[in-house]
Amino acid sequence: MDCWPTIPGLMEDAVQPNNENINQDRRPDNRDNGIEIIAFSNRSRQDKKLLKRFVNFHWDLYRGDPQYVPLLDYEYMGFRLFGVTGFFEARNLFYKHADAEFFLAARGNQVVGRCNAFVNHDHNKHWQDKVGFFGQFETVDDLQVTRALLDSARQWLKSKGMDTMRGPQNMPVNEATPGVLTAGFASRPVIYYGYNKPYYEKLLLASGFEPSKRVRSWEVPVMNPMEEKLQRVAQKVIQRYDITIEPWGKRPFKVRRREMFEIYNDAWTGNFGFVPFEEEEFYIILEGMRLIMDKGLFQFLYVNGEPAAFMGCIPNIYEKMEPSPNLRRWEFLRMLKMFFTKGSIKGFRVGYLGVKKKFRRLGLDGVMIWKQKVYTQNAGYEYGDMGWILEDNLTAVRLVEMMGSTPSKTYVIFEKKID
């Protein structure tokens, strides 16, 4: 879940192939270039087998790449024993308001690329448009593979009545950073940020896609001296508007999640690509977040007793999620390592931020950043990531730069008309 709404008045190698046979019984699309596209859904038992191949491909593609920290396989495929619903499972609440199709590209028995396509009906209802998305895009450095995959996704989206194709985009839409990483390949891995091969931008441009939006992130050293202006203005704002600041544990979880839901949807409405959360969907995301959270990284602001804003940062658990070279697919052990060592994490990402529209231009965002810096310095954190900031959100950019930050990552969201 990304964090930076546009707030007016912000305080001035070749892949190592897995040779397991690919089941090609589902709608193969034979091509003269030797690429075969297997299209499938997420409903049947056979679909689930193909989805496993879909997930397995990124393990092969990024073998030996130290910058790539994969999500747990459970996050894609689910783990019912622990109550985890995967992104790709048909029972995921996302599919109550979305349709999706998955595509594998193969040469012979080898997978050489993948992507999905989906229509988020909540998005099109909110924006009154006909935008379809492609996501989970991974491929070898081959333009023919890229075009075959994306053309298959385009045809499927066209059959659904869409007139524009945008991506890469995640499912659900509000989680993790969309787009293709185009700068910052050597920057540290950070939670909620994707990583991709440097050649993806080239392949998308050559396939007729154009940049739609650029988003950026910065790394901020926590132990930098407190910015005098930030501290002075924040304290004045607190006094002027009778602001109360509360930590996470001051109120019951049911109250907190309701406050976050209402503030988040209100704050982000109108921002590029945002889709209002369904209440049930939002609460499930928060349940997962509680497993890794540091409660001290969350704060809630009230103006004259009314919930007005909140800010939440998430420990950068990617520090603890790097697969062991000798036990790459022992996902349960990787999960245990993440939970039992999270107390020694040195960094965090600003993962949630929202200010209700009626309380904008008061400087509440600056108050939260100041308060957060006080806590993180006392808690011994070393760095923070402030990201998913639209490059044209100049007020947010100025604030981050004022804090002695260093640019870390740039993502580009691509778009193409469907003809």
# chains A, B, ... in the order shown; residues from 1 in each chain; ligands from 1
call {"tool": "residues_around", "arguments": {"residues": "A:Asn42", "least_positions_apart": "2", "cutoff": "12 Å", "atoms": "only C-alpha atoms", "output": "ChimeraX atom specification"}}
result
/A:39-40,44-52,54,76-77,86-92,95,99-103,116
call {"tool": "residues_around", "arguments": {"residues": "A:Tyr283", "least_positions_apart": "5", "cutoff": "10 Å", "atoms": "only C-alpha atoms", "output": "PyMOL selection string"}}
result
chain A and resi 254+257-258+260-261+277-278+288-289
call {"tool": "closest_residue", "arguments": {"among": "A:Ala379, A:Met403, A:Gly108, A:Ile285", "to": "A:Ile38", "atoms": "only C-alpha atoms"}}
result
A:Gly108
call {"tool": "closest_residue", "arguments": {"among": "A:Phe282, A:Phe253, A:Tyr193, A:Tyr241", "to": "A:Thr410", "atoms": "only C-alpha atoms"}}
result
A:Tyr193
call {"tool": "residues_around", "arguments": {"residues": "stretch 132-148 of chain A", "least_positions_apart": "4", "cutoff": "9 Å", "atoms": "only C-alpha atoms", "output": "JSON, numbers by chain"}}
result
{"A": [13, 14, 15, 31, 33, 35, 36, 37, 57, 58, 61, 105, 106, 111, 112, 113, 114, 115, 116, 117, 118, 119, 120, 124, 152, 153, 154, 157, 158, 160, 161, 162, 163, 164, 165, 166, 167, 168, 169, 170, 171, 178, 179, 196, 197, 199, 200, 203, 204, 206, 207]}
call {"tool": "write_last_selection", "arguments": {"atoms": "N, CA and C atoms", "output": "compact mmCIF listing (two decimals), in the first residue's frame"}}
result
# COMPACT_ATOMS: atom_id res chain seq x y z
N ASP A 13 21.88 -12.58 -18.80
CA ASP A 13 22.28 -13.80 -18.53
C ASP A 13 21.23 -14.73 -18.88
N ALA A 14 21.46 -15.28 -19.44
CA ALA A 14 20.40 -16.19 -19.87
C ALA A 14 19.77 -16.82 -18.64
N VAL A 15 18.51 -17.14 -18.76
CA VAL A 15 17.80 -17.80 -17.68
C VAL A 15 18.28 -19.23 -17.54
N ARG A 31 3.03 -19.65 -33.02
CA ARG A 31 3.58 -18.52 -33.76
C ARG A 31 4.78 -18.99 -34.59
N ASN A 33 7.58 -17.66 -34.83
CA ASN A 33 8.86 -17.44 -34.16
C ASN A 33 9.15 -18.49 -33.08
N ILE A 35 7.47 -19.21 -30.44
CA ILE A 35 6.95 -18.87 -29.12
C ILE A 35 5.51 -19.34 -29.03
N GLU A 36 5.19 -20.02 -27.97
CA GLU A 36 3.82 -20.46 -27.75
C GLU A 36 3.29 -19.79 -26.48
N ILE A 37 2.09 -19.24 -26.57
CA ILE A 37 1.47 -18.56 -25.43
C ILE A 37 0.40 -19.47 -24.85
N PHE A 57 8.83 -19.16 -12.46
CA PHE A 57 9.67 -18.55 -13.47
C PHE A 57 10.58 -17.46 -12.91
N HIS A 58 10.07 -16.67 -11.95
CA HIS A 58 10.93 -15.59 -11.46
C HIS A 58 12.12 -16.13 -10.67
N LEU A 61 14.60 -16.78 -13.46
CA LEU A 61 15.03 -15.57 -14.16
C LEU A 61 16.05 -14.78 -13.34
N ALA A 105 4.73 -17.64 -21.73
CA ALA A 105 5.38 -17.76 -23.03
C ALA A 105 6.39 -18.89 -22.94
N ALA A 106 6.35 -19.77 -23.91
CA ALA A 106 7.25 -20.93 -23.88
C ALA A 106 7.89 -21.15 -25.24
N VAL A 111 9.87 -22.16 -20.14
CA VAL A 111 9.19 -20.89 -19.97
C VAL A 111 10.20 -19.77 -20.20
N VAL A 112 9.82 -18.80 -21.02
CA VAL A 112 10.71 -17.67 -21.31
C VAL A 112 10.07 -16.33 -20.96
N GLY A 113 8.83 -16.35 -20.48
CA GLY A 113 8.18 -15.10 -20.09
C GLY A 113 6.81 -15.34 -19.50
N ARG A 114 6.29 -14.32 -18.85
CA ARG A 114 4.97 -14.43 -18.24
C ARG A 114 4.38 -13.04 -18.06
N CYS A 115 3.08 -12.95 -17.95
CA CYS A 115 2.39 -11.74 -17.48
C CYS A 115 0.94 -12.11 -17.23
N ASN A 116 0.21 -11.21 -16.61
CA ASN A 116 -1.23 -11.39 -16.52
C ASN A 116 -1.90 -10.13 -17.06
N ALA A 117 -3.17 -10.21 -17.27
CA ALA A 117 -3.99 -9.07 -17.68
C ALA A 117 -5.22 -9.08 -16.81
N PHE A 118 -5.68 -7.89 -16.42
CA PHE A 118 -6.88 -7.86 -15.59
C PHE A 118 -7.64 -6.56 -15.77
N VAL A 119 -8.91 -6.67 -15.51
CA VAL A 119 -9.82 -5.52 -15.52
C VAL A 119 -10.31 -5.33 -14.10
N ASN A 120 -10.02 -4.19 -13.54
CA ASN A 120 -10.48 -3.85 -12.20
C ASN A 120 -11.72 -2.96 -12.36
N ASN A 124 -12.38 1.31 -13.02
CA ASN A 124 -13.07 1.95 -14.14
C ASN A 124 -14.32 2.69 -13.69
N SER A 152 -0.97 -10.81 -26.46
CA SER A 152 -2.00 -11.71 -25.93
C SER A 152 -2.81 -11.01 -24.84
N ALA A 153 -2.11 -10.30 -23.96
CA ALA A 153 -2.81 -9.53 -22.92
C ALA A 153 -3.69 -8.46 -23.54
N ARG A 154 -3.18 -7.80 -24.59
CA ARG A 154 -3.96 -6.74 -25.25
C ARG A 154 -5.24 -7.30 -25.86
N LEU A 157 -7.76 -8.01 -23.12
CA LEU A 157 -8.34 -6.77 -22.60
C LEU A 157 -9.31 -6.16 -23.61
N LYS A 158 -8.97 -6.24 -24.89
CA LYS A 158 -9.87 -5.74 -25.92
C LYS A 158 -11.19 -6.50 -25.92
N LYS A 160 -12.63 -7.57 -23.48
CA LYS A 160 -13.37 -7.11 -22.31
C LYS A 160 -13.86 -5.67 -22.47
N GLY A 161 -13.62 -5.09 -23.65
CA GLY A 161 -14.12 -3.74 -23.90
C GLY A 161 -13.19 -2.62 -23.48
N MET A 162 -11.93 -2.93 -23.17
CA MET A 162 -11.00 -1.90 -22.74
C MET A 162 -10.41 -1.16 -23.94
N ASP A 163 -10.07 0.12 -23.74
CA ASP A 163 -9.46 0.90 -24.83
C ASP A 163 -8.03 1.34 -24.52
N THR A 164 -7.55 1.06 -23.31
CA THR A 164 -6.20 1.45 -22.91
C THR A 164 -5.59 0.34 -22.06
N MET A 165 -4.30 0.12 -22.24
CA MET A 165 -3.57 -0.90 -21.51
C MET A 165 -2.46 -0.21 -20.71
N ARG A 166 -2.41 -0.48 -19.41
CA ARG A 166 -1.48 0.22 -18.52
C ARG A 166 -0.76 -0.79 -17.63
N GLY A 167 0.50 -0.47 -17.32
CA GLY A 167 1.22 -1.36 -16.41
C GLY A 167 2.72 -1.12 -16.45
N PRO A 168 3.48 -2.04 -15.88
CA PRO A 168 3.00 -3.16 -15.07
C PRO A 168 2.31 -2.67 -13.79
N GLN A 169 1.27 -3.40 -13.41
CA GLN A 169 0.44 -3.03 -12.27
C GLN A 169 0.20 -4.26 -11.42
N ASN A 170 0.09 -4.05 -10.13
CA ASN A 170 -0.09 -5.15 -9.20
C ASN A 170 -1.56 -5.52 -9.01
N MET A 171 -1.77 -6.68 -8.50
CA MET A 171 -3.10 -7.11 -8.06
C MET A 171 -3.00 -7.38 -6.56
N PRO A 178 3.73 0.14 -8.44
CA PRO A 178 3.56 -0.27 -9.84
C PRO A 178 4.69 0.29 -10.70
N GLY A 179 4.72 -0.13 -11.95
CA GLY A 179 5.68 0.40 -12.90
C GLY A 179 6.93 -0.46 -13.02
N ASN A 196 13.26 -5.38 -11.18
CA ASN A 196 13.17 -6.03 -12.48
C ASN A 196 14.48 -5.90 -13.22
N LYS A 197 14.59 -6.61 -14.30
CA LYS A 197 15.79 -6.55 -15.13
C LYS A 197 15.90 -5.16 -15.78
N TYR A 199 16.65 -4.29 -18.67
CA TYR A 199 16.23 -4.21 -20.07
C TYR A 199 14.71 -4.08 -20.25
N TYR A 200 13.93 -4.11 -19.16
CA TYR A 200 12.47 -4.08 -19.32
C TYR A 200 12.00 -2.77 -19.96
N LEU A 203 12.42 -2.95 -23.70
CA LEU A 203 11.46 -3.85 -24.34
C LEU A 203 10.07 -3.24 -24.43
N LEU A 204 9.65 -2.55 -23.39
CA LEU A 204 8.32 -1.94 -23.41
C LEU A 204 8.26 -0.80 -24.41
N ALA A 206 10.04 -0.51 -27.11
CA ALA A 206 10.08 -1.11 -28.44
C ALA A 206 8.78 -1.81 -28.80
N SER A 207 7.94 -2.07 -27.79
CA SER A 207 6.64 -2.71 -28.03
C SER A 207 5.52 -1.69 -28.17
call {"tool": "select_by_dssp", "arguments": {"residues": "stretch 183-384 of chain A", "states": "alpha helix (DSSP H)", "output": "JSON, numbers by chain"}}
result
{"A": [200, 201, 202, 203, 204, 205, 206, 228, 229, 230, 231, 232, 233, 234, 235, 236, 237, 238, 239, 240, 253, 254, 255, 256, 257, 258, 259, 260, 261, 262, 263, 264, 265, 266, 267, 268, 279, 280, 281, 282, 283, 284, 285, 286, 287, 288, 289, 290, 331, 332, 333, 334, 335, 336, 337, 338, 339, 340, 364, 365, 366, 367, 368, 369, 370, 371, 372, 373, 374, 375, 376, 377, 378, 379]}
